[in-house]
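Undergrad: One structure coming up, written as structure tokens, with questions to follow.
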Amino acid sequence: MRLLIPGGAGYIGSHMVRYAQERGHDCVVLDDFSTGHEWAVKDCEILRVNLLDHDRLSQLLKGRHFDGVIHFAAKSLVGESVKKPDLYYRNNVAGTLNLVHMMRSNDVNNLVFSSTAAIFGNPVTDRIAEDHPKNPINPYGQSKLMVEHMLRDICSANDFNATCLRYFNAAGAHESGEIGEVHDPETHLIPNVLKAALSNKSSLKIFGDDYPTPDGTCIRDYVHVTDLAQAHLLGFERMQKNKGFSAFNLGNGDGFSVLEVIKGCECIANNEIQFQVDARRNGDSAVLVADNELGLRELNWNPEYRDINDIIKSAWYWHNSEKC
Ligand code: UDP
């Protein structure tokens with residue numbers, strides 16, 4: 001297949017490209033490199049453009065055929081979205097609308113969309129299934145939910161197929177050690193904890209220890225980035241038979257607190273990790289854990305990294321690699 005991958009130079013996108021290439025698919029990466037990295041993509045054509053640049057986008061894609069699009073290009077930080085909501089609505093909502101417009105005018109009708117567990121807001125059940133109420137508590141989650149609604153309507157009105165994949169917490173790195181998570185600034189828990197393990201002077205902060213959880217810290221469901229890539233390709237294949245709109249929750253179905261993650265990292269790094277407790281971060285839910293039954297069944301998804309320690313080990317391997 002020939003796939004267009006907007007955001008293919010970013011963390012999850014670059015693992016998607018690698019995964020698809022390893023299975024013989026031809027990928028074209030579209031990225032503005034605002035947060036992506038050129039070193040993270042190899043052996044494919046790169047289109048350097050921002051999705052908001054309608055004219056250039058149209059010029060670059062005109063007349064080109066793709067079997068489908070797997071779309072990762074978005075702003076994705078909860079804290080930043082609370083401070084700069086306009087940036088999130090513009091990039092994530094208007095950018096995706098431009099992309100869909102361009103797809104439809106080029107007769108490309110299959111889209112897999114990066115959504116997020118942040119669309120659910122504060123959970124009202126222990127594990128979050130696809131039909132859980134959707135009440136995002138930050139502009140990031142809100143922007144992704146808006147896109148889901150937009151795609152559902154576009155699928156109903158047209159010959160267009162969209163699969164939304166709502167990630168819980170993406171983590172880990174490609175087994176080669178050639179690509180992995182690098183954000184500047186890094187805001188995600190596992191890379192921050194592992195960086196603290198590697199440095200003499202830790203500046204690790206825990207955002208809140210007074211949540212209504214057993215140890216007071218937030219609980220998240222960590223899912224390996226290569227397992228996410230697998231689900232995207234499966235979602236794409238499923239769409240060939242199941243037309244229209246679908247959505248799946250992608251997590252491992254187990255929750256780990258911030259303190260449990262730190263303990264796991266200490267074991268793997270064989271080092272004590274110092275941290276300070278800071279105030280809660282705006283927009284954080286106390287607990288986010290997936291009910292992944294539907295995705296496992298409908299997508300035939302078979303995650304390889306089901307144990308949090310294997311996910312941390314793969315991130316640790318990346319953090320110790322030359323490329324990181
Ligand atoms: N977190 C933390 N210290 C950090 C980074 C994250 O305590 O340096 C917490 C954060 O408040 C949340 C959890 O770790 O409860 C996971 O945060 P992350 O940013 O990795 O992912 P998110 O859940 O926001 O998508």
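Identifiers for the structure tokens are assigned positionally: chains receive A, B, ... in sequence, residues are indexed from 1 per chain, and ligands are indexed from 1 in the order shown.
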Give me the residues near region 276-282 of chain A as a ChimeraX atom specification, where near means some atom within 8 Å (using only C-alpha atoms) and where sequence neighbours in that chain fewer than 6 positions away do not count.

TA: /A:78-79,82,203-209

Undergrad: For all heavy atoms, I'd like the residues from the last selection saved as a tab-separated table (two decimals), in the first residue's frame.

TA:
chain	number	residue	atom	x	y	z
A	78	VAL	N	-1.18	18.34	27.01
A	78	VAL	CA	-2.32	18.79	27.82
A	78	VAL	C	-2.05	20.16	28.45
A	78	VAL	O	-2.85	21.09	28.30
A	78	VAL	CB	-2.62	17.73	28.92
A	78	VAL	CG1	-3.55	18.28	29.97
A	78	VAL	CG2	-3.19	16.48	28.28
A	79	GLY	N	-0.92	20.30	29.12
A	79	GLY	CA	-0.61	21.54	29.84
A	79	GLY	C	-0.54	22.73	28.88
A	79	GLY	O	-1.11	23.80	29.15
A	82	VAL	N	-3.91	24.00	27.70
A	82	VAL	CA	-4.66	24.82	28.65
A	82	VAL	C	-4.20	26.28	28.52
A	82	VAL	O	-5.00	27.21	28.58
A	82	VAL	CB	-4.45	24.29	30.10
A	82	VAL	CG1	-5.12	25.20	31.12
A	82	VAL	CG2	-4.96	22.86	30.24
A	203	SER	N	15.91	16.65	38.32
A	203	SER	CA	14.96	17.75	38.51
A	203	SER	C	13.53	17.22	38.33
A	203	SER	O	12.63	17.96	37.99
A	203	SER	CB	15.26	18.86	37.50
A	203	SER	OG	15.25	18.32	36.20
A	204	LEU	N	13.38	15.90	38.54
A	204	LEU	CA	12.08	15.27	38.34
A	204	LEU	C	11.05	15.79	39.36
A	204	LEU	O	11.33	15.88	40.55
A	204	LEU	CB	12.23	13.75	38.51
A	204	LEU	CG	10.95	12.94	38.33
A	204	LEU	CD1	10.44	13.01	36.89
A	204	LEU	CD2	11.19	11.48	38.73
A	205	LYS	N	9.88	16.13	38.79
A	205	LYS	CA	8.78	16.56	39.66
A	205	LYS	C	7.60	15.65	39.48
A	205	LYS	O	7.30	15.23	38.36
A	205	LYS	CB	8.36	17.98	39.28
A	205	LYS	CG	9.37	19.00	39.68
A	205	LYS	CD	8.89	20.40	39.34
A	205	LYS	CE	9.91	21.41	39.81
A	205	LYS	NZ	9.91	22.58	38.96
A	206	ILE	N	6.90	15.38	40.55
A	206	ILE	CA	5.64	14.65	40.48
A	206	ILE	C	4.53	15.68	40.61
A	206	ILE	O	4.52	16.46	41.57
A	206	ILE	CB	5.53	13.65	41.65
A	206	ILE	CG1	6.50	12.50	41.45
A	206	ILE	CG2	4.11	13.13	41.78
A	206	ILE	CD1	6.31	11.40	42.46
A	207	PHE	N	3.62	15.67	39.67
A	207	PHE	CA	2.57	16.69	39.69
A	207	PHE	C	1.37	16.21	40.50
A	207	PHE	O	0.43	15.65	39.95
A	207	PHE	CB	2.18	17.05	38.25
A	207	PHE	CG	3.33	17.59	37.45
A	207	PHE	CD1	3.66	17.04	36.21
A	207	PHE	CD2	4.11	18.63	37.95
A	207	PHE	CE1	4.74	17.53	35.49
A	207	PHE	CE2	5.19	19.12	37.23
A	207	PHE	CZ	5.51	18.56	36.00
A	208	GLY	N	1.43	16.44	41.78
A	208	GLY	CA	0.31	16.14	42.67
A	208	GLY	C	0.42	14.77	43.31
A	208	GLY	O	0.63	13.78	42.61
A	209	ASP	N	0.30	14.73	44.66
A	209	ASP	CA	0.24	13.43	45.35
A	209	ASP	C	-0.99	13.38	46.24
A	209	ASP	O	-1.02	12.65	47.23
A	209	ASP	CB	1.53	13.15	46.12
A	209	ASP	CG	1.75	14.11	47.28
A	209	ASP	OD1	0.99	15.09	47.41
A	209	ASP	OD2	2.68	13.86	48.08

Undergrad: At a cut-off of 9 Å and counting only C-alpha atoms and all ligand atoms, what residues surround ligand 1? Please answer as a ChimeraX atom specification.

TA: /A:76-79,116-118,167-171,186-193,203-209,217-222,257-259,261,277-278,280-288

Undergrad: Residues at most 7 Å from region 22-38 of chain A, counting only C-alpha atoms, excluding those fewer than 6 positions away in the same chain, as a VMD selection string?

TA: chain A and resid 1 to 10 44 to 50

Undergrad: Write the residues you've just listed into a file as an mmCIF file, in the first residue's frame, and include N, CA and C atoms for each of them.

TA:
data_model
loop_
_atom_site.group_PDB
_atom_site.id
_atom_site.type_symbol
_atom_site.label_atom_id
_atom_site.label_comp_id
_atom_site.auth_asym_id
_atom_site.auth_seq_id
_atom_site.Cartn_x
_atom_site.Cartn_y
_atom_site.Cartn_z
ATOM 1 N N MET A 1 0.836 -1.199 0.000
ATOM 2 C CA MET A 1 0.000 0.000 0.000
ATOM 3 C C MET A 1 0.872 1.250 0.000
ATOM 4 N N ARG A 2 0.277 2.309 -0.529
ATOM 5 C CA ARG A 2 0.969 3.594 -0.496
ATOM 6 C C ARG A 2 0.236 4.480 0.516
ATOM 7 N N LEU A 3 0.946 4.862 1.565
ATOM 8 C CA LEU A 3 0.312 5.581 2.680
ATOM 9 C C LEU A 3 0.899 6.978 2.844
ATOM 10 N N LEU A 4 0.021 7.948 3.046
ATOM 11 C CA LEU A 4 0.481 9.293 3.396
ATOM 12 C C LEU A 4 0.420 9.397 4.921
ATOM 13 N N ILE A 5 1.536 9.848 5.523
ATOM 14 C CA ILE A 5 1.579 9.876 6.990
ATOM 15 C C ILE A 5 1.899 11.300 7.484
ATOM 16 N N PRO A 6 0.867 12.128 7.662
ATOM 17 C CA PRO A 6 1.098 13.451 8.256
ATOM 18 C C PRO A 6 1.545 13.283 9.707
ATOM 19 N N GLY A 7 2.599 14.005 10.097
ATOM 20 C CA GLY A 7 3.129 13.833 11.447
ATOM 21 C C GLY A 7 4.028 12.612 11.553
ATOM 22 N N GLY A 8 4.484 12.103 10.406
ATOM 23 C CA GLY A 8 5.292 10.881 10.393
ATOM 24 C C GLY A 8 6.700 11.065 10.925
ATOM 25 N N ALA A 9 7.105 12.332 11.226
ATOM 26 C CA ALA A 9 8.443 12.543 11.797
ATOM 27 C C ALA A 9 8.384 12.671 13.316
ATOM 28 N N GLY A 10 7.187 12.587 13.873
ATOM 29 C CA GLY A 10 7.039 12.706 15.327
ATOM 30 C C GLY A 10 7.240 11.368 16.019
ATOM 31 N N CYS A 44 12.124 7.281 2.766
ATOM 32 C CA CYS A 44 10.818 7.680 2.231
ATOM 33 C C CYS A 44 10.827 9.149 1.819
ATOM 34 N N GLU A 45 9.879 9.468 0.970
ATOM 35 C CA GLU A 45 9.730 10.847 0.518
ATOM 36 C C GLU A 45 9.191 11.696 1.677
ATOM 37 N N ILE A 46 9.684 12.928 1.777
ATOM 38 C CA ILE A 46 9.211 13.817 2.844
ATOM 39 C C ILE A 46 8.606 15.067 2.215
ATOM 40 N N LEU A 47 7.383 15.396 2.595
ATOM 41 C CA LEU A 47 6.743 16.633 2.147
ATOM 42 C C LEU A 47 6.747 17.589 3.336
ATOM 43 N N ARG A 48 7.482 18.700 3.204
ATOM 44 C CA ARG A 48 7.615 19.613 4.345
ATOM 45 C C ARG A 48 6.543 20.690 4.225
ATOM 46 N N VAL A 49 5.505 20.565 4.964
ATOM 47 C CA VAL A 49 4.400 21.526 4.870
ATOM 48 C C VAL A 49 3.550 21.456 6.140
ATOM 49 N N ASN A 50 2.988 22.600 6.498
ATOM 50 C CA ASN A 50 2.062 22.654 7.627
ATOM 51 C C ASN A 50 0.643 22.480 7.098
#

Undergrad: Report as JSON lines: every residue of region 211-324 of chain A with an atom at most 9 Å from region 17-21 of chain A, its closest pair of atoms, and their distance in Å to one decimal, counting only C-alpha atoms, with rows sorted by chain and ascending residue number.

TA:
{"residue": "A:Thr226", "atom": "CA", "partner": "A:Tyr19", "partner_atom": "CA", "distance": 7.2}
{"residue": "A:Ala229", "atom": "CA", "partner": "A:Tyr19", "partner_atom": "CA", "distance": 6.4}
{"residue": "A:Gln230", "atom": "CA", "partner": "A:Tyr19", "partner_atom": "CA", "distance": 7.3}
{"residue": "A:Leu233", "atom": "CA", "partner": "A:Ala20", "partner_atom": "CA", "distance": 7.4}

Undergrad: From a backbone DSSP assignment, name each residue in region 109-282 of chain A labelled helix (DSSP H, G or I), as a PyMOL selection string.

TA: chain A and resi 117-119+139-157+189-198+225-239+258-269

Undergrad: May I have all residues of region 1-122 of chain A that DSSP, computed from the backbone, assigns to strand (DSSP E), given as a ChimeraX atom specification?

TA: /A:2-6,26-31,45-48,68-71,110-116

Undergrad: Need to verify the contact set: Pro85 (chain A), 8 Å, only C-alpha atoms, exclusion of same-chain residues closer than 5 positions in sequence. Can you return it as a PyMOL selection string?

TA: chain A and resi 80+139-140

Undergrad: Selection from above, all heavy atoms, as a PDB file, in the first residue's frame, can you write it?

TA:
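And here's out_0.pdb as it stands now:
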ATOM      1  N   GLU A  80       0.136  22.535  27.747  1.00  0.00           N
ATOM      2  CA  GLU A  80       0.260  23.607  26.753  1.00  0.00           C
ATOM      3  C   GLU A  80      -1.119  23.993  26.211  1.00  0.00           C
ATOM      4  O   GLU A  80      -1.409  25.165  25.955  1.00  0.00           O
ATOM      5  CB  GLU A  80       1.163  23.138  25.602  1.00  0.00           C
ATOM      6  CG  GLU A  80       1.439  24.212  24.574  1.00  0.00           C
ATOM      7  CD  GLU A  80       2.254  23.700  23.382  1.00  0.00           C
ATOM      8  OE1 GLU A  80       1.858  22.685  22.766  1.00  0.00           O
ATOM      9  OE2 GLU A  80       3.269  24.337  23.051  1.00  0.00           O
ATOM     10  N   PRO A 139      -8.296  21.638  26.492  1.00  0.00           N
ATOM     11  CA  PRO A 139      -8.485  21.946  25.064  1.00  0.00           C
ATOM     12  C   PRO A 139      -7.879  20.893  24.125  1.00  0.00           C
ATOM     13  O   PRO A 139      -8.378  20.689  23.022  1.00  0.00           O
ATOM     14  CB  PRO A 139      -7.790  23.298  24.890  1.00  0.00           C
ATOM     15  CG  PRO A 139      -7.861  23.911  26.256  1.00  0.00           C
ATOM     16  CD  PRO A 139      -7.692  22.766  27.227  1.00  0.00           C
ATOM     17  N   TYR A 140      -6.824  20.201  24.564  1.00  0.00           N
ATOM     18  CA  TYR A 140      -6.263  19.134  23.727  1.00  0.00           C
ATOM     19  C   TYR A 140      -7.327  18.063  23.471  1.00  0.00           C
ATOM     20  O   TYR A 140      -7.640  17.718  22.324  1.00  0.00           O
ATOM     21  CB  TYR A 140      -5.020  18.541  24.407  1.00  0.00           C
ATOM     22  CG  TYR A 140      -4.548  17.258  23.769  1.00  0.00           C
ATOM     23  CD1 TYR A 140      -4.205  17.221  22.411  1.00  0.00           C
ATOM     24  CD2 TYR A 140      -4.448  16.075  24.519  1.00  0.00           C
ATOM     25  CE1 TYR A 140      -3.792  16.021  21.827  1.00  0.00           C
ATOM     26  CE2 TYR A 140      -4.029  14.898  23.938  1.00  0.00           C
ATOM     27  CZ  TYR A 140      -3.706  14.882  22.589  1.00  0.00           C
ATOM     28  OH  TYR A 140      -3.301  13.690  22.014  1.00  0.00           O
TER      29      TYR A 140
END
